[in-house]
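The file query.txt contains compact mmCIF, C-alpha atoms:
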# COMPACT_ATOMS: atom_id res chain seq x y z
CA MET A 1 54.78 66.24 -263.02
CA PRO A 2 55.98 63.84 -260.28
CA ASP A 3 53.51 61.23 -259.05
CA VAL A 4 53.76 62.30 -255.39
CA PHE A 5 52.75 65.87 -256.29
CA ILE A 6 49.72 64.69 -258.28
CA ALA A 7 48.71 62.37 -255.42
CA VAL A 8 48.83 65.31 -252.97
CA MET A 9 46.67 67.38 -255.34
CA LEU A 10 44.22 64.44 -255.52
CA GLY A 11 44.01 64.49 -251.72
CA TRP A 12 43.37 68.25 -251.77
CA ALA A 13 40.53 67.82 -254.29
CA THR A 14 39.05 65.08 -252.10
CA LEU A 15 39.02 67.50 -249.14
CA LEU A 16 37.22 70.00 -251.40
CA LEU A 17 34.65 67.27 -252.10
CA LEU A 18 34.08 66.95 -248.33
CA GLY A 19 33.56 70.73 -248.15
CA GLY A 20 31.01 70.49 -250.97
CA GLY A 21 29.16 67.77 -249.06
CA LEU A 22 29.07 70.05 -246.00
CA LEU A 23 27.64 72.79 -248.24
CA LEU A 24 24.94 70.40 -249.48
CA PHE A 25 23.98 69.45 -245.91
CA ARG A 26 23.81 73.09 -244.80
CA SER A 27 21.60 74.21 -247.68
CA ARG A 28 18.15 75.35 -246.52
CA ASP A 29 16.38 75.64 -249.84
CA GLY A 30 15.88 73.89 -253.17
CA LEU A 31 17.80 76.58 -255.02
CA HIS A 32 20.73 76.34 -252.61
CA ARG A 33 20.71 72.57 -253.13
CA ILE A 34 20.84 72.95 -256.93
CA LEU A 35 23.79 75.33 -256.57
CA ALA A 36 25.58 72.97 -254.17
CA LEU A 37 25.11 70.03 -256.55
CA ASP A 38 26.47 72.11 -259.46
CA VAL A 39 29.57 72.97 -257.43
CA LEU A 40 29.96 69.34 -256.30
CA VAL A 41 29.88 68.06 -259.88
CA SER A 42 32.49 70.59 -260.98
CA ILE A 43 34.74 69.41 -258.10
CA VAL A 44 34.23 65.81 -259.26
CA VAL A 45 35.21 66.88 -262.80
CA ALA A 46 38.45 68.32 -261.41
CA LEU A 47 38.99 65.11 -259.37
CA LEU A 48 38.57 62.87 -262.45
CA THR A 49 40.96 65.08 -264.43
CA ILE A 50 43.64 64.83 -261.73
CA LEU A 51 43.07 61.05 -261.60
CA SER A 52 43.71 60.88 -265.34
CA TYR A 53 46.98 62.81 -264.82
CA LEU A 54 47.98 60.32 -262.11
CA ARG A 55 47.20 57.16 -264.10
CA ASP A 56 48.39 58.75 -267.39
CA VAL A 57 45.31 57.58 -269.33
CA SER A 58 42.88 59.85 -271.16
CA TYR A 59 39.48 58.23 -270.69
CA TYR A 60 38.86 59.64 -267.22
CA VAL A 61 38.68 63.07 -268.89
CA ASP A 62 36.01 61.73 -271.25
CA ALA A 63 34.06 60.52 -268.21
CA ALA A 64 34.45 64.04 -266.78
CA LEU A 65 33.01 65.49 -270.01
CA THR A 66 29.96 63.21 -269.79
CA LEU A 67 29.46 64.11 -266.14
CA ALA A 68 29.67 67.84 -266.95
CA LEU A 69 27.06 67.39 -269.72
CA LEU A 70 24.68 65.56 -267.35
CA SER A 71 25.18 68.19 -264.63
CA PHE A 72 24.52 71.03 -267.09
CA SER A 73 21.19 69.62 -268.27
CA ALA A 74 20.16 68.67 -264.71
CA THR A 75 20.92 72.17 -263.36
CA LEU A 76 19.11 73.88 -266.24
CA VAL A 77 16.02 71.68 -265.96
CA SER A 78 15.74 71.83 -262.16
CA ALA A 79 16.17 75.62 -262.14
CA ARG A 80 13.41 75.92 -264.76
CA TYR A 81 11.29 73.58 -262.65
CA LEU A 82 11.66 75.82 -259.61
CA LEU A 83 10.97 78.88 -261.77
CA ARG A 84 7.71 77.86 -263.45
CA GLY A 85 6.64 74.51 -262.02
CA SER A 86 7.53 72.53 -265.14
CA PRO A 87 10.84 71.96 -266.94
CA PHE A 88 9.72 73.56 -270.25
CA MET B 1 64.44 71.30 -270.97
CA VAL B 2 61.06 72.04 -272.56
CA GLY B 3 59.67 69.00 -270.77
CA THR B 4 60.75 70.27 -267.35
CA LEU B 5 59.34 73.71 -268.14
CA LEU B 6 55.96 72.29 -269.21
CA SER B 7 55.87 70.06 -266.14
CA ALA B 8 56.54 73.03 -263.82
CA LEU B 9 53.91 75.09 -265.64
CA GLY B 10 51.36 72.30 -265.26
CA GLY B 11 52.11 72.00 -261.55
CA ILE B 12 51.74 75.74 -260.96
CA VAL B 13 48.45 75.89 -262.89
CA LEU B 14 47.12 72.86 -260.99
CA VAL B 15 47.91 74.42 -257.60
CA LEU B 16 46.35 77.72 -258.74
CA GLY B 17 43.16 75.98 -259.86
CA LEU B 18 42.73 74.08 -256.60
CA LEU B 19 43.45 77.29 -254.65
CA LEU B 20 40.69 79.08 -256.57
CA ALA B 21 38.31 76.18 -255.86
CA THR B 22 39.17 76.36 -252.14
CA ILE B 23 38.54 80.12 -252.03
CA GLY B 24 35.24 79.71 -253.85
CA LEU B 25 34.11 76.93 -251.52
CA TYR B 26 35.03 79.05 -248.48
CA GLY B 27 32.92 81.90 -249.88
CA LEU B 28 30.05 79.50 -250.50
CA LEU B 29 30.17 78.26 -246.92
CA ARG B 30 30.44 81.79 -245.47
CA ARG B 31 27.65 83.55 -247.35
CA PRO B 32 23.98 82.79 -246.62
CA ASP B 33 22.41 84.77 -249.49
CA ILE B 34 21.91 82.99 -252.83
CA PHE B 35 23.30 85.84 -254.96
CA HIS B 36 26.51 86.08 -252.93
CA GLN B 37 26.77 82.29 -253.16
CA LEU B 38 26.37 82.47 -256.95
CA HIS B 39 29.33 84.85 -257.10
CA ALA B 40 31.51 82.36 -255.24
CA ALA B 41 30.13 79.36 -257.15
CA GLY B 42 31.06 80.99 -260.45
CA LEU B 43 34.68 80.85 -259.31
CA VAL B 44 34.51 77.09 -258.71
CA THR B 45 32.51 76.04 -261.78
CA GLY B 46 34.35 78.30 -264.24
CA PRO B 47 37.99 79.37 -263.70
CA ALA B 48 38.99 76.69 -261.16
CA THR B 49 37.83 73.82 -263.39
CA ILE B 50 39.45 75.38 -266.46
CA LEU B 51 42.78 75.86 -264.66
CA VAL B 52 42.79 72.25 -263.44
CA LEU B 53 42.09 71.11 -267.01
CA LEU B 54 44.81 73.41 -268.40
CA ALA B 55 47.32 71.55 -266.23
CA ALA B 56 47.10 68.74 -268.84
CA VAL B 57 50.09 70.34 -270.60
CA GLY B 58 52.17 69.05 -267.67
CA THR B 59 51.50 65.42 -268.65
CA ARG B 60 52.81 65.94 -272.25
CA SER B 61 50.40 63.26 -273.50
CA ALA B 62 48.54 64.20 -276.71
CA GLU B 63 45.43 62.15 -275.85
CA ILE B 64 44.94 63.78 -272.45
CA ILE B 65 45.55 67.30 -273.83
CA THR B 66 43.00 66.81 -276.65
CA SER B 67 40.31 65.56 -274.27
CA ALA B 68 41.09 68.35 -271.81
CA VAL B 69 40.73 71.00 -274.53
CA LEU B 70 37.31 69.56 -275.43
CA VAL B 71 36.20 69.72 -271.78
CA ILE B 72 37.55 73.30 -271.48
CA LEU B 73 35.45 74.40 -274.48
CA PHE B 74 32.41 72.67 -273.01
CA VAL B 75 32.88 74.27 -269.58
CA LEU B 76 33.37 77.71 -271.18
CA VAL B 77 29.93 77.37 -272.80
CA THR B 78 27.95 75.69 -270.02
CA ALA B 79 29.22 77.25 -266.75
CA PRO B 80 27.76 80.74 -267.44
CA LEU B 81 24.52 79.21 -268.75
CA SER B 82 23.85 77.13 -265.63
CA GLY B 83 24.81 80.04 -263.38
CA HIS B 84 22.42 82.28 -265.28
CA ALA B 85 19.58 79.75 -264.96
CA ILE B 86 20.01 79.59 -261.17
CA ALA B 87 20.27 83.40 -260.91
CA GLN B 88 17.13 83.86 -263.00
CA ALA B 89 15.18 81.44 -260.80
CA ALA B 90 16.40 83.24 -257.66
CA PHE B 91 15.63 86.69 -259.12
CA ARG B 92 12.09 85.84 -260.23
CA ARG B 93 11.40 84.28 -256.83
CA ALA B 94 12.70 87.34 -254.97
CA ASP B 95 9.87 89.59 -256.29
CA PRO B 96 11.89 92.44 -257.90
CA PRO B 97 9.16 95.22 -258.17
CA GLU B 98 9.19 95.82 -254.39
CA HIS B 99 12.92 96.45 -254.41
CA SER B 100 12.67 99.02 -257.23
CA GLU B 101 9.90 100.91 -255.39
CA ASP B 102 12.04 100.96 -252.24
CA ASP B 103 14.96 102.32 -254.26
CA ASP B 104 12.76 105.08 -255.74
CA SER B 105 11.50 106.21 -252.33
CA ALA B 106 15.05 106.14 -250.97
CA THR B 107 16.33 108.47 -253.71
CA ARG B 108 13.49 111.01 -253.28

Before we go any further, please render this structure as structure tokens.
Amino acid sequence: MPDVFIAVMLGWATLLLLGGGLLLFRSRDGLHRILALDVLVSIVVALLTILSYLRDVSYYVDAALTLALLSFSATLVSARYLLRGSPF
Amino acid sequence: MVGTLLSALGGIVLVLGLLLATIGLYGLLRRPDIFHQLHAAGLVTGPATILVLLAAVGTRSAEIITSAVLVILFVLVTAPLSGHAIAQAAFRRADPPEHSEDDDSATR
């Protein structure tokens, strides 16, 4: 893939990140906020992947994997916390 | 020849993934209800992320493709689980017995 194309896609993903921030600011409720943060992290995962395509190195994808793992446990625990008042 | 084909395939898949993410984000911003929002969020956290990761074939680098396959497997497992956790919290909070009684009286 040409570098200019990947750079344009990186810009597009950054605009999506701005939209996710707008979603987070418009959320009225704790549950909406958890959902918005989940979506934001998955946009950041896509952003890191496109950055690794642009630089042609693989460790940004590993960082994306770690971020996805952290987001998964955080979403699960905070949803449980809202459900029954404690994470477990 | 194969290189050009893989590069074009990666570009198409990348554009498709970002398009899906844009559609999902638009749905998230449009809909006020949490269940409608979950429908749109499932598009962003699942298929859009997987399509962007599948575009790794366009780079033709073995390291990037291996890492991307690992992340794809991880996302395939965790995206439905986190969506289900949020939906369960929203469902329990919404007090379901009232809705079922309303449905019964509506059918009679």

Nearest to B:Phe35 among A:Leu15, A:Leu23, A:Met9, A:Leu35, with distances taken over all atoms listed in the file: which residue is it?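 Ranking A:Leu15, A:Leu23, A:Met9, A:Leu35 by distance to B:Phe35, first place goes to A:Leu35.
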
Using all atoms listed in the file, what table do you get, as JSON lines, when you list each residue of chain A with an atom no more than 6 Å from chain B, its nearest pair of atoms, and their distance in Å rounded to one decimal, rows by chain then rising number?
{"residue": "A:Met1", "atom": "CA", "partner": "B:Ser7", "partner_atom": "CA", "distance": 5.1}
{"residue": "A:Ser42", "atom": "CA", "partner": "B:Thr45", "partner_atom": "CA", "distance": 5.5}
{"residue": "A:Ala46", "atom": "CA", "partner": "B:Thr49", "partner_atom": "CA", "distance": 5.9}
{"residue": "A:Ser58", "atom": "CA", "partner": "B:Ile64", "partner_atom": "CA", "distance": 4.6}
{"residue": "A:Leu65", "atom": "CA", "partner": "B:Val71", "partner_atom": "CA", "distance": 5.6}
{"residue": "A:Leu76", "atom": "CA", "partner": "B:Ser82", "partner_atom": "CA", "distance": 5.8}
{"residue": "A:Ala79", "atom": "CA", "partner": "B:Ile86", "partner_atom": "CA", "distance": 5.6}
{"residue": "A:Leu83", "atom": "CA", "partner": "B:Ala89", "partner_atom": "CA", "distance": 5.0}

Could you give me, as a ChimeraX atom specification, the residues that sit within 12 Å of (10.4, 74.9, -272.2) in the file's coordinates, counting only C-alpha atoms? /A:76-81,83-88

Just checking: using all atoms listed in the file, which residue out of A:Ala68, A:Ala74, A:Leu37, A:Ile50 ends up closest to B:Val77? A:Ala68

One decimal, in Å: what's the spacing between atom CA of A:Gly20 and atom CA of A:His32?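 So the two atoms, atom CA of A:Gly20 and atom CA of A:His32, lie 11.9 Å apart.
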
Can you list, as a PyMOL selection string, every protein, DNA or RNA residue that comes within 9 Å of A:Val44 when you count only C-alpha atoms, leaving out same-chain residues fewer than 4 positions away? chain A and resi 13-14+17+39-40+48-49+64+67

If you measure from atom CA of A:Leu31 to atom CA of A:Ser73, what distance in Å do you get, rounded to one decimal?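 Spanning atom CA of A:Leu31 to atom CA of A:Ser73 is a straight-line distance of 15.3 Å.
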
Point-to-point distance in Å for atom CA of B:Pro47 and atom CA of A:Leu18: 20.1 Å

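The smallest atom-to-atom distance between B:Leu20 and any of A:Leu22, A:Val8, A:Val57, A:Leu16, using only C-alpha atoms, is found for A:Leu16.
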